[in-house]
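Enquirer: File name my_file-v6.csv; file contents CSV, N, CA and C atoms; full text below.
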chain,number,residue,atom,x,y,z
I,3,MET,N,-3.0,47.9,9.6
I,3,MET,CA,-1.9,47.0,9.3
I,3,MET,C,-0.6,47.7,9.4
I,4,LEU,N,0.3,47.1,10.1
I,4,LEU,CA,1.7,47.6,10.2
I,4,LEU,C,2.4,47.6,8.9
I,5,PRO,N,3.3,48.5,8.6
I,5,PRO,CA,4.1,48.5,7.4
I,5,PRO,C,5.0,47.3,7.5
I,6,LYS,N,5.3,46.8,6.3
I,6,LYS,CA,6.3,45.7,6.2
I,6,LYS,C,7.7,46.2,6.4
I,7,THR,N,8.5,45.3,6.9
I,7,THR,CA,9.9,45.7,7.3
I,7,THR,C,10.9,44.9,6.3
I,8,ILE,N,11.8,45.7,5.7
I,8,ILE,CA,12.8,45.2,4.8
I,8,ILE,C,14.1,45.4,5.5
I,9,LEU,N,14.9,44.3,5.7
I,9,LEU,CA,16.2,44.4,6.3
I,9,LEU,C,17.2,44.3,5.1
I,10,VAL,N,18.0,45.4,4.9
I,10,VAL,CA,19.0,45.5,3.9
I,10,VAL,C,20.3,45.4,4.5
I,11,THR,N,21.1,44.5,3.9
I,11,THR,CA,22.5,44.2,4.5
I,11,THR,C,23.5,44.4,3.4
I,12,ASP,N,24.4,45.3,3.6
I,12,ASP,CA,25.5,45.6,2.7
I,12,ASP,C,26.6,46.4,3.4
I,13,ASP,N,27.8,46.1,3.2
I,13,ASP,CA,28.9,46.8,3.9
I,13,ASP,C,29.3,48.1,3.2
I,14,HIS,N,28.7,48.5,2.1
I,14,HIS,CA,29.0,49.8,1.4
I,14,HIS,C,27.8,50.7,1.7
I,15,PRO,N,28.1,51.8,2.4
I,15,PRO,CA,27.1,52.8,2.7
I,15,PRO,C,26.3,53.3,1.5
I,16,HIS,N,27.0,53.5,0.4
I,16,HIS,CA,26.4,54.1,-0.8
I,16,HIS,C,25.4,53.0,-1.4
I,17,ILE,N,25.6,51.8,-1.3
I,17,ILE,CA,24.7,50.7,-1.7
I,17,ILE,C,23.5,50.7,-0.8
I,18,LEU,N,23.7,50.8,0.5
I,18,LEU,CA,22.6,50.9,1.5
I,18,LEU,C,21.7,52.1,1.1
I,19,LYS,N,22.3,53.2,0.9
I,19,LYS,CA,21.5,54.4,0.5
I,19,LYS,C,20.7,54.2,-0.8
I,20,LEU,N,21.4,53.6,-1.8
I,20,LEU,CA,20.7,53.4,-3.1
I,20,LEU,C,19.5,52.4,-2.9
I,21,VAL,N,19.7,51.3,-2.1
I,21,VAL,CA,18.6,50.4,-1.9
I,21,VAL,C,17.5,51.1,-1.1
I,22,GLU,N,17.8,51.9,-0.1
I,22,GLU,CA,16.8,52.6,0.6
I,22,GLU,C,16.0,53.5,-0.3
I,23,TYR,N,16.7,54.3,-1.1
I,23,TYR,CA,16.1,55.2,-2.1
I,23,TYR,C,15.2,54.4,-3.1
I,24,SER,N,15.7,53.2,-3.5
I,24,SER,CA,14.9,52.4,-4.5
I,24,SER,C,13.6,51.9,-3.9
I,25,LEU,N,13.6,51.6,-2.6
I,25,LEU,CA,12.5,51.0,-1.9
I,25,LEU,C,11.5,52.0,-1.2
I,26,GLU,N,11.9,53.3,-1.2
I,26,GLU,CA,11.1,54.3,-0.6
I,26,GLU,C,9.7,54.3,-1.1
I,27,GLU,N,9.5,54.1,-2.4
I,27,GLU,CA,8.2,54.3,-3.0
I,27,GLU,C,7.2,53.2,-2.6
I,28,ILE,N,7.7,52.1,-2.0
I,28,ILE,CA,6.7,51.0,-1.6
I,28,ILE,C,6.2,51.2,-0.2
I,29,ASN,N,6.6,52.2,0.5
I,29,ASN,CA,6.1,52.6,1.8
I,29,ASN,C,6.3,51.4,2.8
I,30,CYS,N,7.5,51.0,3.0
I,30,CYS,CA,7.9,50.0,4.0
I,30,CYS,C,8.9,50.6,4.9
I,31,TRP,N,9.0,49.9,6.1
I,31,TRP,CA,10.0,50.3,7.0
I,31,TRP,C,11.3,49.7,6.6
I,32,ILE,N,12.4,50.4,6.4
I,32,ILE,CA,13.7,49.9,6.0
I,32,ILE,C,14.7,50.0,7.1
I,33,GLU,N,15.2,48.8,7.4
I,33,GLU,CA,16.3,48.7,8.5
I,33,GLU,C,17.5,48.3,7.7
I,34,THR,N,18.7,48.8,8.2
I,34,THR,CA,19.9,48.5,7.5
I,34,THR,C,20.9,47.8,8.5
I,35,ALA,N,21.8,47.0,7.9
I,35,ALA,CA,22.9,46.4,8.6
I,35,ALA,C,24.1,46.4,7.7
I,36,ARG,N,25.3,46.6,8.3
I,36,ARG,CA,26.5,46.7,7.6
I,36,ARG,C,27.3,45.4,7.6
I,37,SER,N,26.8,44.3,8.3
I,37,SER,CA,27.5,43.0,8.3
I,37,SER,C,26.4,41.9,8.5
I,38,GLY,N,26.8,40.7,8.2
I,38,GLY,CA,25.9,39.6,8.4
I,38,GLY,C,25.6,39.4,9.9
I,39,GLU,N,26.5,39.6,10.7
I,39,GLU,CA,26.3,39.4,12.1
I,39,GLU,C,25.3,40.4,12.6
I,40,GLU,N,25.4,41.7,12.2
I,40,GLU,CA,24.4,42.7,12.6
I,40,GLU,C,23.0,42.4,12.0
I,41,ALA,N,22.9,41.8,10.8
I,41,ALA,CA,21.6,41.5,10.3
I,41,ALA,C,21.0,40.3,11.1
I,42,VAL,N,21.8,39.3,11.4
I,42,VAL,CA,21.3,38.2,12.2
I,42,VAL,C,20.8,38.8,13.6
I,43,SER,N,21.5,39.6,14.2
I,43,SER,CA,21.1,40.2,15.5
I,43,SER,C,19.8,41.0,15.4
I,44,LYS,N,19.7,41.9,14.3
I,44,LYS,CA,18.5,42.7,14.2
I,44,LYS,C,17.3,41.8,13.8
I,45,SER,N,17.5,40.7,13.1
I,45,SER,CA,16.4,39.9,12.7
I,45,SER,C,15.8,39.2,13.9
I,46,ALA,N,16.7,39.0,15.0
I,46,ALA,CA,16.2,38.3,16.2
I,46,ALA,C,15.4,39.3,17.1
I,47,ARG,N,15.6,40.6,16.9
I,47,ARG,CA,14.9,41.6,17.7
I,47,ARG,C,13.7,42.2,17.1
I,48,MET,N,13.5,42.0,15.8
I,48,MET,CA,12.4,42.6,15.1
I,48,MET,C,11.8,41.7,14.1
I,49,GLN,N,10.6,42.0,13.7
I,49,GLN,CA,9.9,41.3,12.6
I,49,GLN,C,10.5,41.7,11.3
I,50,VAL,N,11.0,40.8,10.5
I,50,VAL,CA,11.5,41.1,9.1
I,50,VAL,C,10.6,40.4,8.1
I,51,ASP,N,10.2,41.1,7.1
I,51,ASP,CA,9.3,40.6,6.0
I,51,ASP,C,10.0,40.3,4.7
I,52,LEU,N,11.2,40.9,4.5
I,52,LEU,CA,12.0,40.7,3.3
I,52,LEU,C,13.4,41.0,3.7
I,53,LEU,N,14.3,40.2,3.2
I,53,LEU,CA,15.8,40.4,3.4
I,53,LEU,C,16.4,40.7,2.1
I,54,VAL,N,17.2,41.8,2.0
I,54,VAL,CA,18.0,42.1,0.8
I,54,VAL,C,19.4,42.1,1.3
I,55,VAL,N,20.2,41.2,0.7
I,55,VAL,CA,21.6,41.0,1.3
I,55,VAL,C,22.6,40.8,0.2
I,56,ASP,N,23.8,41.4,0.4
I,56,ASP,CA,24.9,41.3,-0.5
I,56,ASP,C,25.6,40.0,-0.2
I,57,VAL,N,26.2,39.4,-1.2
I,57,VAL,CA,26.9,38.2,-1.0
I,57,VAL,C,28.2,38.4,-0.2
I,58,LYS,N,29.0,39.4,-0.6
I,58,LYS,CA,30.3,39.6,0.0
I,58,LYS,C,30.1,40.6,1.2
I,59,LEU,N,30.3,40.1,2.4
I,59,LEU,CA,30.2,40.9,3.6
I,59,LEU,C,31.4,40.6,4.5
I,60,PRO,N,31.8,41.6,5.3
I,60,PRO,CA,32.8,41.3,6.3
I,60,PRO,C,32.3,40.3,7.3
I,61,GLY,N,33.1,39.4,7.8
I,61,GLY,CA,32.6,38.4,8.7
I,61,GLY,C,31.9,37.3,8.0
I,62,ILE,N,30.7,37.0,8.4
I,62,ILE,CA,30.0,35.9,7.7
I,62,ILE,C,29.5,36.5,6.4
I,63,ASN,N,29.5,35.7,5.3
I,63,ASN,CA,29.0,36.2,4.0
I,63,ASN,C,27.5,36.2,3.9
I,64,GLY,N,27.0,36.7,2.8
I,64,GLY,CA,25.6,36.8,2.6
I,64,GLY,C,24.8,35.5,2.7
I,65,PHE,N,25.4,34.4,2.2
I,65,PHE,CA,24.7,33.1,2.2
I,65,PHE,C,24.6,32.6,3.7
I,66,GLU,N,25.7,32.7,4.4
I,66,GLU,CA,25.7,32.3,5.8
I,66,GLU,C,24.7,33.2,6.6
I,67,THR,N,24.6,34.4,6.3
I,67,THR,CA,23.6,35.3,6.9
I,67,THR,C,22.2,34.8,6.7
I,68,VAL,N,21.9,34.5,5.4
I,68,VAL,CA,20.6,34.0,5.1
I,68,VAL,C,20.3,32.7,5.8
I,69,ARG,N,21.3,31.8,5.9
I,69,ARG,CA,21.1,30.5,6.6
I,69,ARG,C,20.8,30.7,8.0
I,70,ARG,N,21.6,31.6,8.7
I,70,ARG,CA,21.3,31.8,10.1
I,70,ARG,C,20.0,32.5,10.4
I,71,ILE,N,19.6,33.5,9.6
I,71,ILE,CA,18.3,34.1,9.8
I,71,ILE,C,17.2,33.2,9.6
I,72,LYS,N,17.3,32.3,8.5
I,72,LYS,CA,16.2,31.4,8.2
I,72,LYS,C,16.1,30.3,9.3
I,73,GLU,N,17.2,30.0,10.0
I,73,GLU,CA,17.1,29.0,11.1
I,73,GLU,C,16.3,29.6,12.3
I,74,THR,N,16.1,30.9,12.4
I,74,THR,CA,15.4,31.5,13.4
I,74,THR,C,13.9,31.2,13.3
I,75,SER,N,13.3,30.9,14.4
I,75,SER,CA,11.9,30.6,14.3
I,75,SER,C,11.0,31.6,13.6
I,76,GLY,N,10.2,31.1,12.7
I,76,GLY,CA,9.3,32.0,12.0
I,76,GLY,C,9.9,32.6,10.7
I,77,TYR,N,11.1,32.3,10.4
I,77,TYR,CA,11.8,32.9,9.2
I,77,TYR,C,12.0,31.9,8.1
I,78,ARG,N,11.5,30.7,8.2
I,78,ARG,CA,11.8,29.6,7.2
I,78,ARG,C,11.5,30.1,5.8
I,79,ASP,N,10.3,30.8,5.6
I,79,ASP,CA,9.8,31.2,4.3
I,79,ASP,C,10.1,32.6,4.0
I,80,LEU,N,11.0,33.2,4.7
I,80,LEU,CA,11.4,34.6,4.5
I,80,LEU,C,11.9,34.8,3.1
I,81,PRO,N,11.3,35.8,2.3
I,81,PRO,CA,11.8,36.0,0.9
I,81,PRO,C,13.1,36.8,1.0
I,82,VAL,N,14.0,36.4,0.1
I,82,VAL,CA,15.4,36.9,0.1
I,82,VAL,C,15.7,37.4,-1.3
I,83,ILE,N,16.3,38.6,-1.4
I,83,ILE,CA,16.8,39.2,-2.6
I,83,ILE,C,18.3,39.3,-2.4
I,84,VAL,N,19.1,38.7,-3.2
I,84,VAL,CA,20.6,38.7,-3.1
I,84,VAL,C,21.1,39.7,-4.1
I,85,LEU,N,22.0,40.6,-3.6
I,85,LEU,CA,22.8,41.5,-4.4
I,85,LEU,C,24.2,40.9,-4.6
I,86,THR,N,24.7,41.0,-5.8
I,86,THR,CA,26.0,40.5,-6.1
I,86,THR,C,26.8,41.3,-7.1
I,87,GLY,N,28.1,41.4,-6.9
I,87,GLY,CA,28.9,42.0,-7.8
I,87,GLY,C,29.4,41.0,-8.9
I,88,GLN,N,29.2,39.7,-8.6
I,88,GLN,CA,29.5,38.6,-9.5
I,88,GLN,C,28.4,38.3,-10.4
I,89,GLY,N,28.6,37.4,-11.4
I,89,GLY,CA,27.5,37.0,-12.2
I,89,GLY,C,26.5,36.1,-11.5
I,90,GLN,N,25.3,36.2,-11.8
I,90,GLN,CA,24.3,35.4,-11.1
I,90,GLN,C,24.6,33.9,-11.2
I,91,GLY,N,25.2,33.4,-12.3
I,91,GLY,CA,25.5,32.0,-12.4
I,91,GLY,C,26.5,31.6,-11.4
I,92,ASP,N,27.3,32.5,-10.9
I,92,ASP,CA,28.4,32.2,-9.9
I,92,ASP,C,27.7,32.0,-8.5
I,93,VAL,N,26.6,32.6,-8.3
I,93,VAL,CA,26.0,32.5,-6.9
I,93,VAL,C,24.8,31.7,-6.8
I,94,GLN,N,24.1,31.4,-7.9
I,94,GLN,CA,22.9,30.7,-7.9
I,94,GLN,C,23.0,29.3,-7.3
I,95,PRO,N,24.0,28.5,-7.6
I,95,PRO,CA,24.1,27.2,-7.0
I,95,PRO,C,24.3,27.2,-5.5
I,96,GLN,N,25.0,28.2,-5.0
I,96,GLN,CA,25.1,28.3,-3.5
I,96,GLN,C,23.8,28.7,-2.9
I,97,ALA,N,23.0,29.5,-3.6
I,97,ALA,CA,21.8,30.0,-3.0
I,97,ALA,C,20.6,29.0,-3.1
I,98,ALA,N,20.7,28.0,-4.0
I,98,ALA,CA,19.6,27.1,-4.3
I,98,ALA,C,18.9,26.5,-3.1
I,99,GLY,N,19.7,26.1,-2.2
I,99,GLY,CA,19.1,25.4,-1.0
I,99,GLY,C,18.7,26.4,0.1
I,100,LEU,N,18.9,27.7,-0.1
I,100,LEU,CA,18.5,28.7,0.9
I,100,LEU,C,17.2,29.4,0.6
I,101,GLY,N,16.6,29.0,-0.5
I,101,GLY,CA,15.3,29.7,-0.8
I,101,GLY,C,15.4,31.1,-1.2
I,102,VAL,N,16.5,31.5,-1.8
I,102,VAL,CA,16.7,32.8,-2.3
I,102,VAL,C,15.7,33.0,-3.5
I,103,THR,N,15.0,34.1,-3.4
I,103,THR,CA,13.9,34.4,-4.3
I,103,THR,C,14.3,35.1,-5.6
I,104,ALA,N,15.3,36.1,-5.5
I,104,ALA,CA,15.7,36.9,-6.6
I,104,ALA,C,17.1,37.3,-6.5
I,105,PHE,N,17.7,37.6,-7.6
I,105,PHE,CA,19.1,38.0,-7.7
I,105,PHE,C,19.2,39.3,-8.5
I,106,PHE,N,20.0,40.2,-8.0
I,106,PHE,CA,20.3,41.4,-8.7
I,106,PHE,C,21.8,41.6,-8.8
I,107,THR,N,22.4,41.8,-10.0
I,107,THR,CA,23.8,42.1,-10.2
I,107,THR,C,24.0,43.6,-10.1
I,108,LYS,N,25.0,44.0,-9.3
I,108,LYS,CA,25.4,45.4,-9.2
I,108,LYS,C,26.1,45.8,-10.5
I,109,PRO,N,25.8,46.9,-11.0
I,109,PRO,CA,24.8,47.9,-10.6
I,109,PRO,C,23.4,47.4,-11.0
I,110,PHE,N,22.4,47.7,-10.3
I,110,PHE,CA,21.0,47.2,-10.5
I,110,PHE,C,20.1,48.3,-10.8
I,111,SER,N,19.0,48.0,-11.4
I,111,SER,CA,17.9,49.0,-11.6
I,111,SER,C,17.1,49.2,-10.4
I,112,PRO,N,17.1,50.5,-9.8
I,112,PRO,CA,16.2,50.7,-8.6
I,112,PRO,C,14.8,50.4,-8.9
I,113,THR,N,14.3,50.7,-10.1
I,113,THR,CA,12.9,50.4,-10.4
I,113,THR,C,12.6,48.9,-10.4
I,114,GLU,N,13.5,48.1,-11.0
I,114,GLU,CA,13.3,46.7,-11.0
I,114,GLU,C,13.4,46.1,-9.6
I,115,LEU,N,14.3,46.6,-8.8
I,115,LEU,CA,14.4,46.1,-7.4
I,115,LEU,C,13.1,46.4,-6.6
I,116,ALA,N,12.6,47.6,-6.8
I,116,ALA,CA,11.3,48.0,-6.1
I,116,ALA,C,10.2,47.1,-6.6
I,117,GLY,N,10.1,46.8,-7.9
I,117,GLY,CA,9.1,46.0,-8.4
I,117,GLY,C,9.1,44.6,-7.8
I,118,VAL,N,10.3,44.0,-7.7
I,118,VAL,CA,10.4,42.7,-7.2
I,118,VAL,C,10.1,42.7,-5.7
I,119,ALA,N,10.6,43.7,-5.0
I,119,ALA,CA,10.2,43.7,-3.5
I,119,ALA,C,8.7,43.9,-3.3
I,120,ARG,N,8.1,44.7,-4.1
I,120,ARG,CA,6.6,44.9,-4.0
I,120,ARG,C,5.9,43.5,-4.2
I,121,LYS,N,6.3,42.8,-5.2
I,121,LYS,CA,5.7,41.5,-5.5
I,121,LYS,C,5.9,40.5,-4.3
I,122,LEU,N,7.2,40.4,-3.8
I,122,LEU,CA,7.5,39.5,-2.8
I,122,LEU,C,6.8,39.8,-1.5
I,123,LEU,N,6.5,41.1,-1.3
I,123,LEU,CA,5.7,41.5,-0.1
I,123,LEU,C,4.2,41.6,-0.3
I,124,ALA,N,3.8,41.3,-1.6
I,124,ALA,CA,2.4,41.2,-2.0
I,124,ALA,C,1.7,42.6,-1.7
I,125,LEU,N,2.4,43.7,-2.1
I,125,LEU,CA,1.9,45.0,-1.9
I,125,LEU,C,1.2,45.5,-3.2
Let me see whether you can do it: turn the structure in this file into structure tokens.

Expert:
Amino acid sequence: MLPKTILVTDDHPHILKLVEYSLEEINCWIETARSGEEAVSKSARMQVDLLVVDVKLPGINGFETVRRIKETSGYRDLPVIVLTGQGQGDVQPQAAGLGVTAFFTKPFSPTELAGVARKLLAL
């Protein structure tokens, strides 16, 4: 079986590294993107099994990124973890119709993020 692929999208390199570090233990392939547009492009060229995305991104925001990726054939049920610097109550209404699976407020627990990712990927 091929390893699962997680696409992590954040415009801050240190957050990308922290998420990569957090998810190393679950033995998945981790691909990164620094903008929503880059994430949409990468998702069209590769199989993505989980999307981890920041709300605030340059260009299109995290919610628009999720919407565009989910419109792509085969990604309707893609599990999504949203990272936010805002309170969860501020972003949950916007995410409700997008099928967002989990929210993490920055700073987040790497252990908790890995645990949720593991469950979403059924590992």

Enquirer: For Phe105 (chain I), which of I:Gly38, I:Gly76, I:Pro81, I:Gly61 is the closest residue, counting only C-alpha atoms?

Expert: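 The shortest atom-to-atom distance to Phe105 (chain I) comes from I:Pro81.
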
Enquirer: Can you list, as a ChimeraX atom specification, every residue of chain I that DSSP puts in strand (DSSP E)?

Expert: /I:7-11,31-35,52-56,82-86,104-107

Enquirer: Please determine, counting only C-alpha atoms, which residue among I:Val21, I:Ala46, I:Ala41, I:Ile83 has the shortest atom-to-atom distance to Ser111 (chain I).

Expert: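 Among I:Val21, I:Ala46, I:Ala41, I:Ile83, it is I:Val21 that comes nearest to Ser111 (chain I).
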
Enquirer: Mind pulling up the distance from CA of Lys58 (chain I) to CA of Lys19 (chain I)?

Expert: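 Computing it gives 17.2 Å between the two atoms.
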
Enquirer: Got a sec to tell me which of chain I DSSP assigns to helix (DSSP H, G or I), as a ChimeraX atom specification?

Expert: /I:15-28,38-47,64-73,90-100,112-122

Enquirer: One number please: atom C of Glu66 (chain I) to atom N of Leu4 (chain I), in Å, one decimal.

Expert: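 According to the coordinates, atom C of Glu66 (chain I) and atom N of Leu4 (chain I) are separated by 28.3 Å.
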
Enquirer: Choose the residue, out of I:Thr7, I:Thr67, I:Thr34, I:Thr74, that has the smallest atom-to-atom separation from Val50 (chain I); count all atoms listed in the file.

Expert: I:Thr7

Enquirer: Could you check the closest approach to Asp13 (chain I) for each of I:Leu59, I:Arg120, I:Val54, I:Glu73 and tell me which residue wins, using only N, CA and C atoms?

Expert: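 Under the stated criterion, the closest residue is I:Leu59.
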
Enquirer: What's the separation between atom C of Leu80 (chain I) and CA of His14 (chain I), in Å to one decimal place?

Expert: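 So the two atoms, atom C of Leu80 (chain I) and CA of His14 (chain I), lie 22.8 Å apart.
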
Enquirer: Contacts of Glu27 (chain I) at 8 Å or less, counting all atoms listed in the file, minus same-chain residues fewer than 4 places along, as a ChimeraX atom specification?

Expert: /I:22-23,116

Enquirer: Please write the residues from the selection above to a file, keeping N, CA and C atoms, as a PDB file, in the frame of the given file.

Expert:
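This is the output file part_29.pdb:
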ATOM      1  N   GLU I  22      17.800  51.900  -0.100  1.00  0.00           N
ATOM      2  CA  GLU I  22      16.800  52.600   0.600  1.00  0.00           C
ATOM      3  C   GLU I  22      16.000  53.500  -0.300  1.00  0.00           C
ATOM      4  N   TYR I  23      16.700  54.300  -1.100  1.00  0.00           N
ATOM      5  CA  TYR I  23      16.100  55.200  -2.100  1.00  0.00           C
ATOM      6  C   TYR I  23      15.200  54.400  -3.100  1.00  0.00           C
ATOM      7  N   ALA I 116      12.600  47.600  -6.800  1.00  0.00           N
ATOM      8  CA  ALA I 116      11.300  48.000  -6.100  1.00  0.00           C
ATOM      9  C   ALA I 116      10.200  47.100  -6.600  1.00  0.00           C
TER      10      ALA I 116
END

Enquirer: Excluding Gln49 (chain I) and any residue of its chain fewer than 3 positions from it, enumerate the residues within 10 Å of it, using only C-alpha atoms, and give them as a list in words.

Expert: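 My list of contacting residues is Lys6, Thr7, Ile8, Leu9, Lys44, Ser45, Ala46, Leu52, Gly76 and Tyr77 of chain I.
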
Enquirer: In terms of the shortest atom-to-atom distance over all atoms listed in the file, which of I:Ala35, I:Val84, I:Cys30, I:Val55 is closest to Ala104 (chain I)?

Expert: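 Checking each of I:Ala35, I:Val84, I:Cys30, I:Val55 against Ala104 (chain I), counting all atoms listed in the file, the winner is I:Val84.
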